[in-house]
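Have a look at run_32.pdb below; it lists PDB, C-alpha atoms.
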ATOM      1  CA  MET A   1      -5.472 -29.437   2.656  1.00  0.00           C
ATOM      2  CA  SER A   2      -2.578 -29.688   5.090  1.00  0.00           C
ATOM      3  CA  LEU A   3       0.378 -31.833   4.139  1.00  0.00           C
ATOM      4  CA  VAL A   4       0.554 -33.380   7.617  1.00  0.00           C
ATOM      5  CA  LYS A   5      -2.108 -34.260  10.153  1.00  0.00           C
ATOM      6  CA  PRO A   6      -2.873 -31.845  12.971  1.00  0.00           C
ATOM      7  CA  VAL A   7      -1.815 -32.966  16.434  1.00  0.00           C
ATOM      8  CA  GLU A   8      -4.843 -32.916  18.718  1.00  0.00           C
ATOM      9  CA  TYR A   9      -4.387 -32.271  22.434  1.00  0.00           C
ATOM     10  CA  GLU A  10      -5.274 -35.817  23.463  1.00  0.00           C
ATOM     11  CA  ASP A  11      -2.635 -37.197  21.079  1.00  0.00           C
ATOM     12  CA  ALA A  12       0.058 -34.666  21.931  1.00  0.00           C
ATOM     13  CA  SER A  13       3.286 -35.274  23.798  1.00  0.00           C
ATOM     14  CA  PRO A  14       3.762 -33.541  27.168  1.00  0.00           C
ATOM     15  CA  GLU A  15       6.026 -30.969  25.454  1.00  0.00           C
ATOM     16  CA  VAL A  16       3.334 -30.103  22.909  1.00  0.00           C
ATOM     17  CA  ARG A  17       0.597 -30.057  25.552  1.00  0.00           C
ATOM     18  CA  ALA A  18       2.632 -27.545  27.536  1.00  0.00           C
ATOM     19  CA  VAL A  19       2.724 -25.205  24.527  1.00  0.00           C
ATOM     20  CA  TYR A  20      -0.989 -25.717  23.857  1.00  0.00           C
ATOM     21  CA  ASP A  21      -1.725 -24.926  27.510  1.00  0.00           C
ATOM     22  CA  ASP A  22       0.354 -21.744  27.278  1.00  0.00           C
ATOM     23  CA  ILE A  23      -1.474 -20.715  24.088  1.00  0.00           C
ATOM     24  CA  ARG A  24      -4.821 -21.232  25.814  1.00  0.00           C
ATOM     25  CA  THR A  25      -3.746 -19.339  28.922  1.00  0.00           C
ATOM     26  CA  THR A  26      -2.125 -16.449  27.065  1.00  0.00           C
ATOM     27  CA  ARG A  27      -5.033 -16.041  24.669  1.00  0.00           C
ATOM     28  CA  LYS A  28      -7.679 -16.705  27.331  1.00  0.00           C
ATOM     29  CA  THR A  29      -9.359 -19.368  25.208  1.00  0.00           C
ATOM     30  CA  ASP A  30      -9.872 -23.103  25.131  1.00  0.00           C
ATOM     31  CA  TYR A  31      -9.179 -23.145  21.382  1.00  0.00           C
ATOM     32  CA  VAL A  32      -5.873 -24.071  19.728  1.00  0.00           C
ATOM     33  CA  ASN A  33      -6.013 -23.339  16.015  1.00  0.00           C
ATOM     34  CA  ASN A  34      -4.776 -25.447  13.126  1.00  0.00           C
ATOM     35  CA  PHE A  35      -1.572 -23.448  12.675  1.00  0.00           C
ATOM     36  CA  TRP A  36      -0.292 -24.629  16.048  1.00  0.00           C
ATOM     37  CA  LYS A  37      -1.666 -28.143  15.599  1.00  0.00           C
ATOM     38  CA  ILE A  38       0.253 -28.568  12.355  1.00  0.00           C
ATOM     39  CA  LEU A  39       3.474 -27.099  13.765  1.00  0.00           C
ATOM     40  CA  ALA A  40       3.141 -29.549  16.655  1.00  0.00           C
ATOM     41  CA  ASN A  41       4.430 -32.246  14.309  1.00  0.00           C
ATOM     42  CA  ASP A  42       7.836 -30.673  15.051  1.00  0.00           C
ATOM     43  CA  PRO A  43       7.774 -29.689  18.743  1.00  0.00           C
ATOM     44  CA  PRO A  44      10.922 -27.493  18.633  1.00  0.00           C
ATOM     45  CA  THR A  45       9.401 -25.439  15.783  1.00  0.00           C
ATOM     46  CA  LEU A  46       6.085 -25.229  17.628  1.00  0.00           C
ATOM     47  CA  ARG A  47       7.761 -24.018  20.833  1.00  0.00           C
ATOM     48  CA  ARG A  48      10.068 -21.521  19.075  1.00  0.00           C
ATOM     49  CA  THR A  49       7.298 -20.102  16.872  1.00  0.00           C
ATOM     50  CA  TRP A  50       4.901 -19.737  19.805  1.00  0.00           C
ATOM     51  CA  GLU A  51       7.552 -18.029  21.956  1.00  0.00           C
ATOM     52  CA  ASP A  52       8.352 -15.583  19.137  1.00  0.00           C
ATOM     53  CA  THR A  53       4.671 -14.939  18.482  1.00  0.00           C
ATOM     54  CA  ARG A  54       3.832 -14.430  22.155  1.00  0.00           C
ATOM     55  CA  ALA A  55       6.720 -11.986  22.585  1.00  0.00           C
ATOM     56  CA  THR A  56       6.119 -10.037  19.377  1.00  0.00           C
ATOM     57  CA  MET A  57       2.341  -9.841  19.489  1.00  0.00           C
ATOM     58  CA  GLY A  58       2.244  -9.198  23.246  1.00  0.00           C
ATOM     59  CA  PRO A  59       2.393  -5.821  24.967  1.00  0.00           C
ATOM     60  CA  GLY A  60       4.815  -3.365  23.452  1.00  0.00           C
ATOM     61  CA  ALA A  61       5.152   0.075  21.899  1.00  0.00           C
ATOM     62  CA  LEU A  62       2.459  -0.716  19.300  1.00  0.00           C
ATOM     63  CA  ASP A  63      -1.122  -1.309  20.329  1.00  0.00           C
ATOM     64  CA  PRO A  64      -2.620  -4.760  19.612  1.00  0.00           C
ATOM     65  CA  LEU A  65      -4.817  -3.587  16.711  1.00  0.00           C
ATOM     66  CA  THR A  66      -1.884  -1.917  14.937  1.00  0.00           C
ATOM     67  CA  LYS A  67       0.087  -5.153  15.230  1.00  0.00           C
ATOM     68  CA  GLU A  68      -2.808  -7.093  13.696  1.00  0.00           C
ATOM     69  CA  LEU A  69      -3.126  -4.585  10.835  1.00  0.00           C
ATOM     70  CA  ILE A  70       0.582  -4.921  10.075  1.00  0.00           C
ATOM     71  CA  TYR A  71       0.256  -8.708  10.212  1.00  0.00           C
ATOM     72  CA  LEU A  72      -2.692  -8.526   7.804  1.00  0.00           C
ATOM     73  CA  ALA A  73      -0.756  -6.307   5.386  1.00  0.00           C
ATOM     74  CA  VAL A  74       2.228  -8.658   5.298  1.00  0.00           C
ATOM     75  CA  SER A  75      -0.046 -11.692   5.001  1.00  0.00           C
ATOM     76  CA  ALA A  76      -1.853 -10.134   2.043  1.00  0.00           C
ATOM     77  CA  THR A  77       1.468  -9.332   0.403  1.00  0.00           C
ATOM     78  CA  ASN A  78       2.700 -12.893   0.979  1.00  0.00           C
ATOM     79  CA  ASN A  79      -0.655 -14.345  -0.119  1.00  0.00           C
ATOM     80  CA  CYS A  80      -1.056 -16.385   3.071  1.00  0.00           C
ATOM     81  CA  GLU A  81      -4.738 -17.311   3.066  1.00  0.00           C
ATOM     82  CA  TYR A  82      -4.570 -18.854   6.529  1.00  0.00           C
ATOM     83  CA  CYS A  83      -2.957 -15.793   8.122  1.00  0.00           C
ATOM     84  CA  ILE A  84      -5.273 -13.371   6.333  1.00  0.00           C
ATOM     85  CA  HIS A  85      -8.326 -15.136   7.749  1.00  0.00           C
ATOM     86  CA  THR A  86      -7.040 -15.650  11.286  1.00  0.00           C
ATOM     87  CA  HIS A  87      -5.579 -12.168  11.687  1.00  0.00           C
ATOM     88  CA  HIS A  88      -8.652 -10.556  10.119  1.00  0.00           C
ATOM     89  CA  ALA A  89     -10.693 -12.280  12.834  1.00  0.00           C
ATOM     90  CA  SER A  90      -8.238 -11.174  15.502  1.00  0.00           C
ATOM     91  CA  ALA A  91      -8.130  -7.583  14.229  1.00  0.00           C
ATOM     92  CA  THR A  92     -11.933  -7.483  14.106  1.00  0.00           C
ATOM     93  CA  ALA A  93     -12.060  -8.681  17.711  1.00  0.00           C
ATOM     94  CA  LYS A  94      -9.666  -5.852  18.611  1.00  0.00           C
ATOM     95  CA  GLY A  95     -11.879  -3.207  16.976  1.00  0.00           C
ATOM     96  CA  MET A  96     -11.019  -3.186  13.278  1.00  0.00           C
ATOM     97  CA  THR A  97     -13.882  -1.915  11.156  1.00  0.00           C
ATOM     98  CA  ALA A  98     -14.587  -2.713   7.511  1.00  0.00           C
ATOM     99  CA  ALA A  99     -13.378   0.788   6.607  1.00  0.00           C
ATOM    100  CA  MET A 100     -10.113   0.248   8.493  1.00  0.00           C
ATOM    101  CA  PHE A 101      -9.539  -3.059   6.720  1.00  0.00           C
ATOM    102  CA  ALA A 102     -10.230  -1.489   3.315  1.00  0.00           C
ATOM    103  CA  GLU A 103      -7.840   1.372   4.034  1.00  0.00           C
ATOM    104  CA  ALA A 104      -5.136  -0.984   5.309  1.00  0.00           C
ATOM    105  CA  MET A 105      -5.434  -3.053   2.115  1.00  0.00           C
ATOM    106  CA  ALA A 106      -5.286   0.123  -0.006  1.00  0.00           C
ATOM    107  CA  VAL A 107      -2.109   1.252   1.769  1.00  0.00           C
ATOM    108  CA  THR A 108      -0.646  -2.243   1.359  1.00  0.00           C
ATOM    109  CA  ALA A 109      -1.434  -2.260  -2.365  1.00  0.00           C
ATOM    110  CA  LEU A 110       0.017   1.227  -2.814  1.00  0.00           C
ATOM    111  CA  ALA A 111       3.207   0.350  -0.937  1.00  0.00           C
ATOM    112  CA  ASN A 112       3.657  -2.820  -3.007  1.00  0.00           C
ATOM    113  CA  ALA A 113       3.150  -0.943  -6.281  1.00  0.00           C
ATOM    114  CA  ASN A 114       5.440   1.934  -5.327  1.00  0.00           C
ATOM    115  CA  ASN A 115       8.081  -0.447  -3.955  1.00  0.00           C
ATOM    116  CA  ARG A 116       8.170  -2.187  -7.332  1.00  0.00           C
ATOM    117  CA  LEU A 117       8.593   1.140  -9.113  1.00  0.00           C
ATOM    118  CA  ALA A 118      11.374   2.271  -6.781  1.00  0.00           C
ATOM    119  CA  ASN A 119      13.119  -1.099  -7.075  1.00  0.00           C
ATOM    120  CA  GLY A 120      12.674  -1.298 -10.825  1.00  0.00           C
ATOM    121  CA  TYR A 121      14.074   2.165 -11.395  1.00  0.00           C
ATOM    122  CA  ARG A 122      16.742   1.655  -8.711  1.00  0.00           C
ATOM    123  CA  ILE A 123      15.988   5.142  -7.413  1.00  0.00           C
ATOM    124  CA  ASP A 124      18.745   6.615  -5.257  1.00  0.00           C
ATOM    125  CA  VAL A 125      17.604   7.444  -1.728  1.00  0.00           C
ATOM    126  CA  ASP A 126      17.603  11.191  -1.062  1.00  0.00           C
ATOM    127  CA  GLU A 127      20.328  12.149   1.383  1.00  0.00           C
ATOM    128  CA  ARG A 128      17.819  13.774   3.752  1.00  0.00           C
ATOM    129  CA  TYR A 129      16.065  10.388   4.228  1.00  0.00           C
ATOM    130  CA  ARG A 130      19.185   8.411   5.028  1.00  0.00           C
ATOM    131  CA  THR A 131      19.723   7.542   8.659  1.00  0.00           C
ATOM    132  CA  PRO A 132      22.932   9.096   9.983  1.00  0.00           C
ATOM    133  CA  GLY A 133      25.506   6.361  10.308  1.00  0.00           C
TER     134      GLY A 133
END

Encoded form using structure tokens:
Amino acid sequence: MSLVKPVEYEDASPEVRAVYDDIRTTRKTDYVNNFWKILANDPPTLRRTWEDTRATMGPGALDPLTKELIYLAVSATNNCEYCIHTHHASATAKGMTAAMFAEAMAVTALANANNRLANGYRIDVDERYRTPG
């Protein structure tokens, strides 16, 4: 259960409605999800988070499905139930299959396990892998 009430469109300030409208336009939907409705309790955070999300998840060097898979991996690592569900839905809409999801979770689990080993042992990075400074 959320710690604050969601801000519905009809109850929103003009500043919040402007962000909701941009979300709807950008995502080509009439739906604004609970993440944004909760953040709307603090309009500057809502605006900043939406602008960052729109810029990062928009067109770029990575294709949209790859971005969603990365988002899913980080969300699983951070144990964010909300983000796992919403980005699983988004990745599925962008073409993710059950096999792709399973493989992405396997890679995420492997990376987490191996990161812990490397950190625990404080393994020195091989010179050949260091970026020239």

May I ask which of the residues A:Tyr129, A:Tyr71, A:Tyr31, A:Tyr82 is the closest one to Ala104 (chain A), counting only C-alpha atoms?
->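 Distance minimum relative to Ala104 (chain A) lands on A:Tyr71.
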
Run the PyMOL selection byres ((chain A and resi 65) around 10) on the file and write out the hits as a list in words.
-> Met57, Leu62, Asp63, Pro64, Thr66, Lys67, Glu68, Leu69, Ile70, Tyr71, His87, Ser90, Ala91, Thr92, Ala93, Lys94, Gly95 and Met96 of chain A

Given the PyMOL selection byres ((chain A and resi 21) around 12), the residues it picks as JSON, numbers by chain = {"A": [9, 12, 14, 15, 16, 17, 18, 19, 20, 22, 23, 24, 25, 26, 27, 28, 29, 30, 31, 32, 36, 47, 50]}

CA of Ala40 (chain A) sits from CA of Thr53 (chain A) at a separation of 14.8 Å

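Distance check against Ile38 (chain A) using all atoms listed in the file: of A:Glu8, A:Glu81, A:Asp126, A:Asp52, the minimum falls on A:Glu8.
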
Hey, which of A:Val7, A:Ala55, A:Ile123, A:Met1 ends up closest to Asn33 (chain A)? Count all atoms listed in the file.
->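 Result for the nearest residue to Asn33 (chain A): A:Val7.
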
As AutoDock Vina command-line options, what would the box around region 108-115 of chain A look like: edges along x, y and z, 8 Å added on every side, centre and edge lengths in Å to one decimal?
--center_x 3.3 --center_y -0.4 --center_z -2.5 --size_x 25.5 --size_y 20.8 --size_z 23.6

Option closest in space to Val74 (chain A), from A:Asn114, A:Asn34, A:Thr131, A:Thr108 [counting only C-alpha atoms] =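 Distance minimum relative to Val74 (chain A) lands on A:Thr108.
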
Expressed in Å, the length from CA of Ala89 (chain A) to CA of Ser75 (chain A) is 13.2 Å

Interatomic distance between CA of Gly120 (chain A) and CA of Cys80 (chain A)?
->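 These two atoms are separated by 24.7 Å.
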
Step by step: locate region 68-79 of chain A in the block above, keep all heavy atoms, then write the file as a short mmCIF file (atom, residue, chain, number, x, y, z; two decimals), in the first residue's frame.
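Result saved to out-v6.cif:
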data_model
loop_
_atom_site.label_atom_id
_atom_site.label_comp_id
_atom_site.auth_asym_id
_atom_site.auth_seq_id
_atom_site.Cartn_x
_atom_site.Cartn_y
_atom_site.Cartn_z
N GLU A 68 14.55 -1.78 -21.84
CA GLU A 68 13.61 -2.41 -20.91
C GLU A 68 14.25 -3.60 -20.20
O GLU A 68 14.03 -3.81 -19.00
CB GLU A 68 12.33 -2.83 -21.62
CG GLU A 68 11.47 -1.69 -22.12
CD GLU A 68 10.91 -0.79 -21.03
OE1 GLU A 68 10.86 -1.21 -19.84
OE2 GLU A 68 10.52 0.33 -21.35
N LEU A 69 15.05 -4.39 -20.92
CA LEU A 69 15.72 -5.53 -20.31
C LEU A 69 16.72 -5.07 -19.25
O LEU A 69 16.83 -5.69 -18.18
CB LEU A 69 16.41 -6.39 -21.37
CG LEU A 69 15.47 -7.17 -22.30
CD1 LEU A 69 16.24 -7.76 -23.46
CD2 LEU A 69 14.72 -8.24 -21.53
N ILE A 70 17.44 -4.01 -19.53
CA ILE A 70 18.36 -3.46 -18.53
C ILE A 70 17.58 -2.97 -17.32
O ILE A 70 17.94 -3.24 -16.17
CB ILE A 70 19.22 -2.33 -19.14
CG1 ILE A 70 20.18 -2.89 -20.18
CG2 ILE A 70 19.98 -1.58 -18.04
CD1 ILE A 70 20.87 -1.83 -21.03
N TYR A 71 16.48 -2.27 -17.57
CA TYR A 71 15.65 -1.77 -16.48
C TYR A 71 15.13 -2.93 -15.62
O TYR A 71 15.12 -2.86 -14.39
CB TYR A 71 14.48 -0.94 -17.04
CG TYR A 71 14.00 0.14 -16.12
CD1 TYR A 71 14.14 1.47 -16.45
CD2 TYR A 71 13.39 -0.17 -14.92
CE1 TYR A 71 13.70 2.47 -15.60
CE2 TYR A 71 12.93 0.82 -14.05
CZ TYR A 71 13.09 2.14 -14.41
OH TYR A 71 12.65 3.12 -13.57
N LEU A 72 14.71 -4.00 -16.27
CA LEU A 72 14.24 -5.18 -15.55
C LEU A 72 15.35 -5.79 -14.70
O LEU A 72 15.12 -6.18 -13.54
CB LEU A 72 13.75 -6.24 -16.54
CG LEU A 72 12.28 -6.24 -16.87
CD1 LEU A 72 12.00 -7.17 -18.05
CD2 LEU A 72 11.45 -6.65 -15.67
N ALA A 73 16.55 -5.88 -15.25
CA ALA A 73 17.67 -6.46 -14.51
C ALA A 73 17.98 -5.65 -13.26
O ALA A 73 18.15 -6.20 -12.17
CB ALA A 73 18.91 -6.54 -15.41
N VAL A 74 18.04 -4.34 -13.41
CA VAL A 74 18.33 -3.48 -12.25
C VAL A 74 17.18 -3.55 -11.25
O VAL A 74 17.40 -3.62 -10.04
CB VAL A 74 18.60 -2.03 -12.71
CG1 VAL A 74 18.72 -1.10 -11.52
CG2 VAL A 74 19.86 -1.97 -13.56
N SER A 75 15.96 -3.58 -11.73
CA SER A 75 14.80 -3.65 -10.84
C SER A 75 14.78 -4.95 -10.05
O SER A 75 14.45 -4.96 -8.87
CB SER A 75 13.50 -3.51 -11.64
OG SER A 75 13.46 -2.24 -12.26
N ALA A 76 15.16 -6.05 -10.70
CA ALA A 76 15.24 -7.33 -10.00
C ALA A 76 16.33 -7.28 -8.93
O ALA A 76 16.14 -7.73 -7.80
CB ALA A 76 15.51 -8.47 -10.99
N THR A 77 17.46 -6.71 -9.28
CA THR A 77 18.56 -6.58 -8.34
C THR A 77 18.19 -5.71 -7.14
O THR A 77 18.55 -6.00 -6.01
CB THR A 77 19.80 -6.01 -9.05
OG1 THR A 77 20.20 -6.93 -10.07
CG2 THR A 77 20.95 -5.78 -8.11
N ASN A 78 17.43 -4.65 -7.40
CA ASN A 78 17.01 -3.74 -6.33
C ASN A 78 15.71 -4.19 -5.65
O ASN A 78 15.24 -3.51 -4.74
CB ASN A 78 16.82 -2.32 -6.89
CG ASN A 78 18.14 -1.67 -7.22
OD1 ASN A 78 19.16 -1.96 -6.61
ND2 ASN A 78 18.13 -0.79 -8.20
N ASN A 79 15.15 -5.29 -6.11
CA ASN A 79 13.92 -5.84 -5.54
C ASN A 79 12.76 -4.84 -5.58
O ASN A 79 12.02 -4.68 -4.61
CB ASN A 79 14.15 -6.36 -4.11
CG ASN A 79 13.04 -7.27 -3.65
OD1 ASN A 79 12.39 -7.93 -4.44
ND2 ASN A 79 12.79 -7.29 -2.35
#
